[in-house]
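**Q** Please find data39.pdb (PDB, C-alpha atoms, pLDDT in the B column) on the next line:
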ATOM      1  CA  MET A   1     107.494  75.796 109.112  1.00 52.00           C
ATOM      2  CA  GLY A   2     106.317  76.522 112.587  1.00 66.00           C
ATOM      3  CA  THR A   3     102.917  78.051 113.063  1.00 77.00           C
ATOM      4  CA  GLY A   4     104.373  81.092 114.819  1.00 83.00           C
ATOM      5  CA  ILE A   5     106.723  81.854 111.959  1.00 86.00           C
ATOM      6  CA  ASP A   6     103.903  81.401 109.450  1.00 85.00           C
ATOM      7  CA  LEU A   7     101.748  83.836 111.399  1.00 88.00           C
ATOM      8  CA  ILE A   8     104.549  86.429 111.533  1.00 92.00           C
ATOM      9  CA  LEU A   9     105.240  86.055 107.793  1.00 91.00           C
ATOM     10  CA  THR A  10     101.530  86.282 106.981  1.00 92.00           C
ATOM     11  CA  VAL A  11     101.011  89.462 108.977  1.00 94.00           C
ATOM     12  CA  ALA A  12     104.230  91.059 107.688  1.00 93.00           C
ATOM     13  CA  ALA A  13     103.456  90.281 104.043  1.00 93.00           C
ATOM     14  CA  LEU A  14      99.887  91.539 104.364  1.00 94.00           C
ATOM     15  CA  VAL A  15     100.865  94.763 106.155  1.00 94.00           C
ATOM     16  CA  ILE A  16     103.691  95.584 103.740  1.00 93.00           C
ATOM     17  CA  GLY A  17     101.523  94.580 100.759  1.00 93.00           C
ATOM     18  CA  ILE A  18      98.683  96.861 101.855  1.00 94.00           C
ATOM     19  CA  MET A  19     101.109  99.725 102.481  1.00 93.00           C
ATOM     20  CA  MET A  20     102.609  99.299  99.010  1.00 91.00           C
ATOM     21  CA  LEU A  21      99.187  98.935  97.397  1.00 90.00           C
ATOM     22  CA  LEU A  22      98.135 102.241  98.956  1.00 91.00           C
ATOM     23  CA  GLY A  23     101.359 103.946  97.815  1.00 85.00           C
ATOM     24  CA  LYS A  24     102.810 104.366 101.312  1.00 85.00           C
ATOM     25  CA  GLY A  25     105.559 101.735 101.073  1.00 79.00           C
ATOM     26  CA  ASP A  26     108.158 103.501  98.979  1.00 75.00           C
ATOM     27  CA  PHE A  27     110.718 103.309 101.805  1.00 78.00           C
ATOM     28  CA  PHE A  28     110.742  99.515 101.338  1.00 78.00           C
ATOM     29  CA  LEU A  29     112.108 100.067  97.821  1.00 73.00           C
ATOM     30  CA  ASN A  30     114.838 102.592  98.650  1.00 70.00           C
ATOM     31  CA  ASP A  31     118.389 101.546  97.969  1.00 71.00           C
ATOM     32  CA  LYS A  32     121.603 102.977  96.566  1.00 72.00           C
ATOM     33  CA  ASN A  33     120.264 102.814  92.976  1.00 71.00           C
ATOM     34  CA  ALA A  34     116.909 104.473  93.713  1.00 71.00           C
ATOM     35  CA  LYS A  35     117.621 107.518  91.551  1.00 75.00           C
ATOM     36  CA  GLU A  36     118.468 105.418  88.482  1.00 76.00           C
ATOM     37  CA  ARG A  37     115.510 103.096  89.075  1.00 73.00           C
ATOM     38  CA  ASN A  38     113.095 106.027  89.396  1.00 74.00           C
ATOM     39  CA  GLN A  39     114.178 107.281  85.978  1.00 80.00           C
ATOM     40  CA  VAL A  40     113.462 103.893  84.363  1.00 82.00           C
ATOM     41  CA  TYR A  41     110.306 102.752  86.195  1.00 84.00           C
ATOM     42  CA  ASP A  42     107.062 104.391  87.290  1.00 84.00           C
ATOM     43  CA  MET A  43     107.381 103.644  90.999  1.00 83.00           C
ATOM     44  CA  ASP A  44     103.672 104.097  91.734  1.00 85.00           C
ATOM     45  CA  LYS A  45     102.856 101.220  89.382  1.00 89.00           C
ATOM     46  CA  VAL A  46     105.711  99.141  90.782  1.00 87.00           C
ATOM     47  CA  GLN A  47     104.443  99.659  94.329  1.00 88.00           C
ATOM     48  CA  ARG A  48     100.900  98.667  93.397  1.00 90.00           C
ATOM     49  CA  GLY A  49     102.102  95.586  91.534  1.00 91.00           C
ATOM     50  CA  PHE A  50     104.320  94.325  94.305  1.00 90.00           C
ATOM     51  CA  GLY A  51     101.668  95.229  96.874  1.00 92.00           C
ATOM     52  CA  VAL A  52      99.369  92.757  95.134  1.00 94.00           C
ATOM     53  CA  VAL A  53     102.182  90.176  95.022  1.00 94.00           C
ATOM     54  CA  LEU A  54     102.846  90.512  98.746  1.00 94.00           C
ATOM     55  CA  ILE A  55      99.145  90.245  99.564  1.00 95.00           C
ATOM     56  CA  ILE A  56      98.952  87.018  97.510  1.00 95.00           C
ATOM     57  CA  VAL A  57     102.036  85.678  99.313  1.00 94.00           C
ATOM     58  CA  GLY A  58     100.551  86.635 102.682  1.00 94.00           C
ATOM     59  CA  ILE A  59      97.268  84.886 101.944  1.00 94.00           C
ATOM     60  CA  ALA A  60      99.088  81.796 100.626  1.00 93.00           C
ATOM     61  CA  THR A  61     101.272  81.698 103.748  1.00 91.00           C
ATOM     62  CA  GLY A  62      98.233  81.973 105.987  1.00 90.00           C
ATOM     63  CA  ILE A  63      96.454  79.165 104.168  1.00 90.00           C
ATOM     64  CA  SER A  64      99.558  76.947 104.168  1.00 88.00           C
ATOM     65  CA  ALA A  65      99.805  77.371 107.945  1.00 87.00           C
ATOM     66  CA  LEU A  66      96.514  75.507 108.231  1.00 87.00           C
ATOM     67  CA  PHE A  67      97.777  72.414 106.373  1.00 86.00           C
ATOM     68  CA  SER A  68     100.868  70.344 107.060  1.00 81.00           C
ATOM     69  CA  SER A  69     100.986  67.949 104.112  1.00 84.00           C
ATOM     70  CA  SER A  70     103.749  67.931 101.541  1.00 88.00           C
ATOM     71  CA  VAL A  71     101.205  68.603  98.781  1.00 90.00           C
ATOM     72  CA  ALA A  72     100.169  71.826 100.546  1.00 86.00           C
ATOM     73  CA  TYR A  73     103.802  72.948 100.719  1.00 88.00           C
ATOM     74  CA  MET A  74     104.310  72.204  97.032  1.00 94.00           C
ATOM     75  CA  ILE A  75     101.198  74.198  96.119  1.00 93.00           C
ATOM     76  CA  TYR A  76     102.371  77.026  98.409  1.00 92.00           C
ATOM     77  CA  THR A  77     105.790  77.071  96.728  1.00 94.00           C
ATOM     78  CA  ILE A  78     104.231  77.143  93.263  1.00 96.00           C
ATOM     79  CA  VAL A  79     101.851  79.983  94.214  1.00 95.00           C
ATOM     80  CA  VAL A  80     104.692  82.061  95.700  1.00 95.00           C
ATOM     81  CA  LEU A  81     106.963  81.505  92.694  1.00 96.00           C
ATOM     82  CA  LEU A  82     104.168  82.356  90.251  1.00 96.00           C
ATOM     83  CA  ALA A  83     103.274  85.485  92.233  1.00 95.00           C
ATOM     84  CA  PHE A  84     106.842  86.777  92.188  1.00 94.00           C
ATOM     85  CA  ALA A  85     107.332  85.823  88.530  1.00 96.00           C
ATOM     86  CA  GLY A  86     104.104  87.629  87.664  1.00 95.00           C
ATOM     87  CA  GLY A  87     105.253  90.680  89.630  1.00 92.00           C
ATOM     88  CA  ILE A  88     108.565  90.779  87.815  1.00 92.00           C
ATOM     89  CA  ILE A  89     106.900  90.388  84.422  1.00 94.00           C
ATOM     90  CA  TYR A  90     104.399  93.123  85.332  1.00 92.00           C
ATOM     91  CA  MET A  91     107.202  95.440  86.389  1.00 89.00           C
ATOM     92  CA  ARG A  92     109.292  94.861  83.285  1.00 89.00           C
ATOM     93  CA  LYS A  93     106.379  95.068  80.846  1.00 90.00           C
ATOM     94  CA  TYR A  94     103.968  97.679  82.252  1.00 90.00           C
ATOM     95  CA  CYS A  95     105.969  99.871  84.621  1.00 87.00           C
ATOM     96  CA  LYS A  96     108.652 101.277  82.326  1.00 84.00           C
ATOM     97  CA  ARG A  97     108.499 104.972  81.607  1.00 80.00           C
TER      98      ARG A  97
END
What does the file become when written as structure tokens?
**A**
Amino acid sequence: MGTGIDLILTVAALVIGIMMLLGKGDFFLNDKNAKERNQVYDMDKVQRGFGVVLIIVGIATGISALFSSSVAYMIYTIVVLLAFAGGIIYMRKYCKR
């Protein structure tokens, strides 16, 4: 990716992640099924969990912007996939009411 795009993605992921970690990012999770989802999941825990995931993704994106090798991109992809998989597992296992 281009360095400018990496910088934008890094800043966006970090800002949204911090907002969600602090409990101020609930408007990022609003959709047409919000009422049903709120009955099933504790949204405070979900926000904190995905705040951590987005901060990890932001840091990984920032670090990958410094390196341009294919190995760095493979490690970046693995870190991002593991972060999102961990977030989904956390949500399904620990955030149910």
**Q** Distance atom CA of Asp42 of chain A-atom CA of Gly86 of chain A, one decimal place?
**A**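 Between these atoms lies a distance of 17.0 Å.
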**Q** Write out as JSON an axis-aligned box for segment 59-75 of chain A: all of its atoms listed in the file, 5 Å added on each side, centre and edge lengths in Å with one decimal.
**A**
{"center_x": 100.4, "center_y": 76.4, "center_z": 102.2, "size_x": 17.9, "size_y": 27.0, "size_z": 22.1}
**Q** So how far away is atom CA of Phe50 of chain A from atom CA of Ile88 of chain A, in Å?
**A**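 Computed distance, atom CA of Ile88 of chain A to atom CA of Phe50 of chain A, equals 8.5 Å.
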**Q** Select, counting all atoms listed in the file, all protein, DNA and RNA residues no farther than 12 Å from (101.1, 82.0, 110.5) in file coordinates, and express the selection as a ChimeraX atom specification.
**A** /A:1-14,57-67
**Q** Using all atoms listed in the file, pick whichever of A:Phe28, A:Gln39, A:Tyr94, A:Ile18 has the shortest atom-to-atom distance to Leu54 of chain A.
**A** A:Ile18
**Q** Starting from the displayed file, determine the output of the PyMOL selection byres ((chain A and resi 47) around 8) and express the residue list as a list in words.
**A**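 Residues picked by the PyMOL selection byres ((chain A and resi 47) around 8): Met20, Leu21, Gly23, Gly25, Asp26, Met43, Asp44, Lys45, Val46, Arg48, Gly49, Phe50 and Gly51 of chain A.
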**Q** Neighbours of Val80 of chain A within 9 Å (only C-alpha atoms; same-chain residues fewer than 3 positions away dropped), as a list in words?
**A**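 Non-adjacent residues within range: Val53, Ile56, Val57, Ala60, Thr61, Ile75, Tyr76, Thr77, Ala83, Phe84 and Ala85 of chain A.
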**Q** For a test of reading the model, state the distance in Å between atom CA of Leu22 of chain A and atom CA of Lys35 of chain A, rounded to one decimal.
**A**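 One can read the atom CA of Leu22 of chain A to atom CA of Lys35 of chain A distance as 21.5 Å.
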**Q** When distances are computed from all atoms listed in the file, which of A:Arg97, A:Val79, A:Arg92, A:Tyr73 shows the smallest separation from Ile55 of chain A?
**A**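 Closest to Ile55 of chain A of all the choices is A:Val79.
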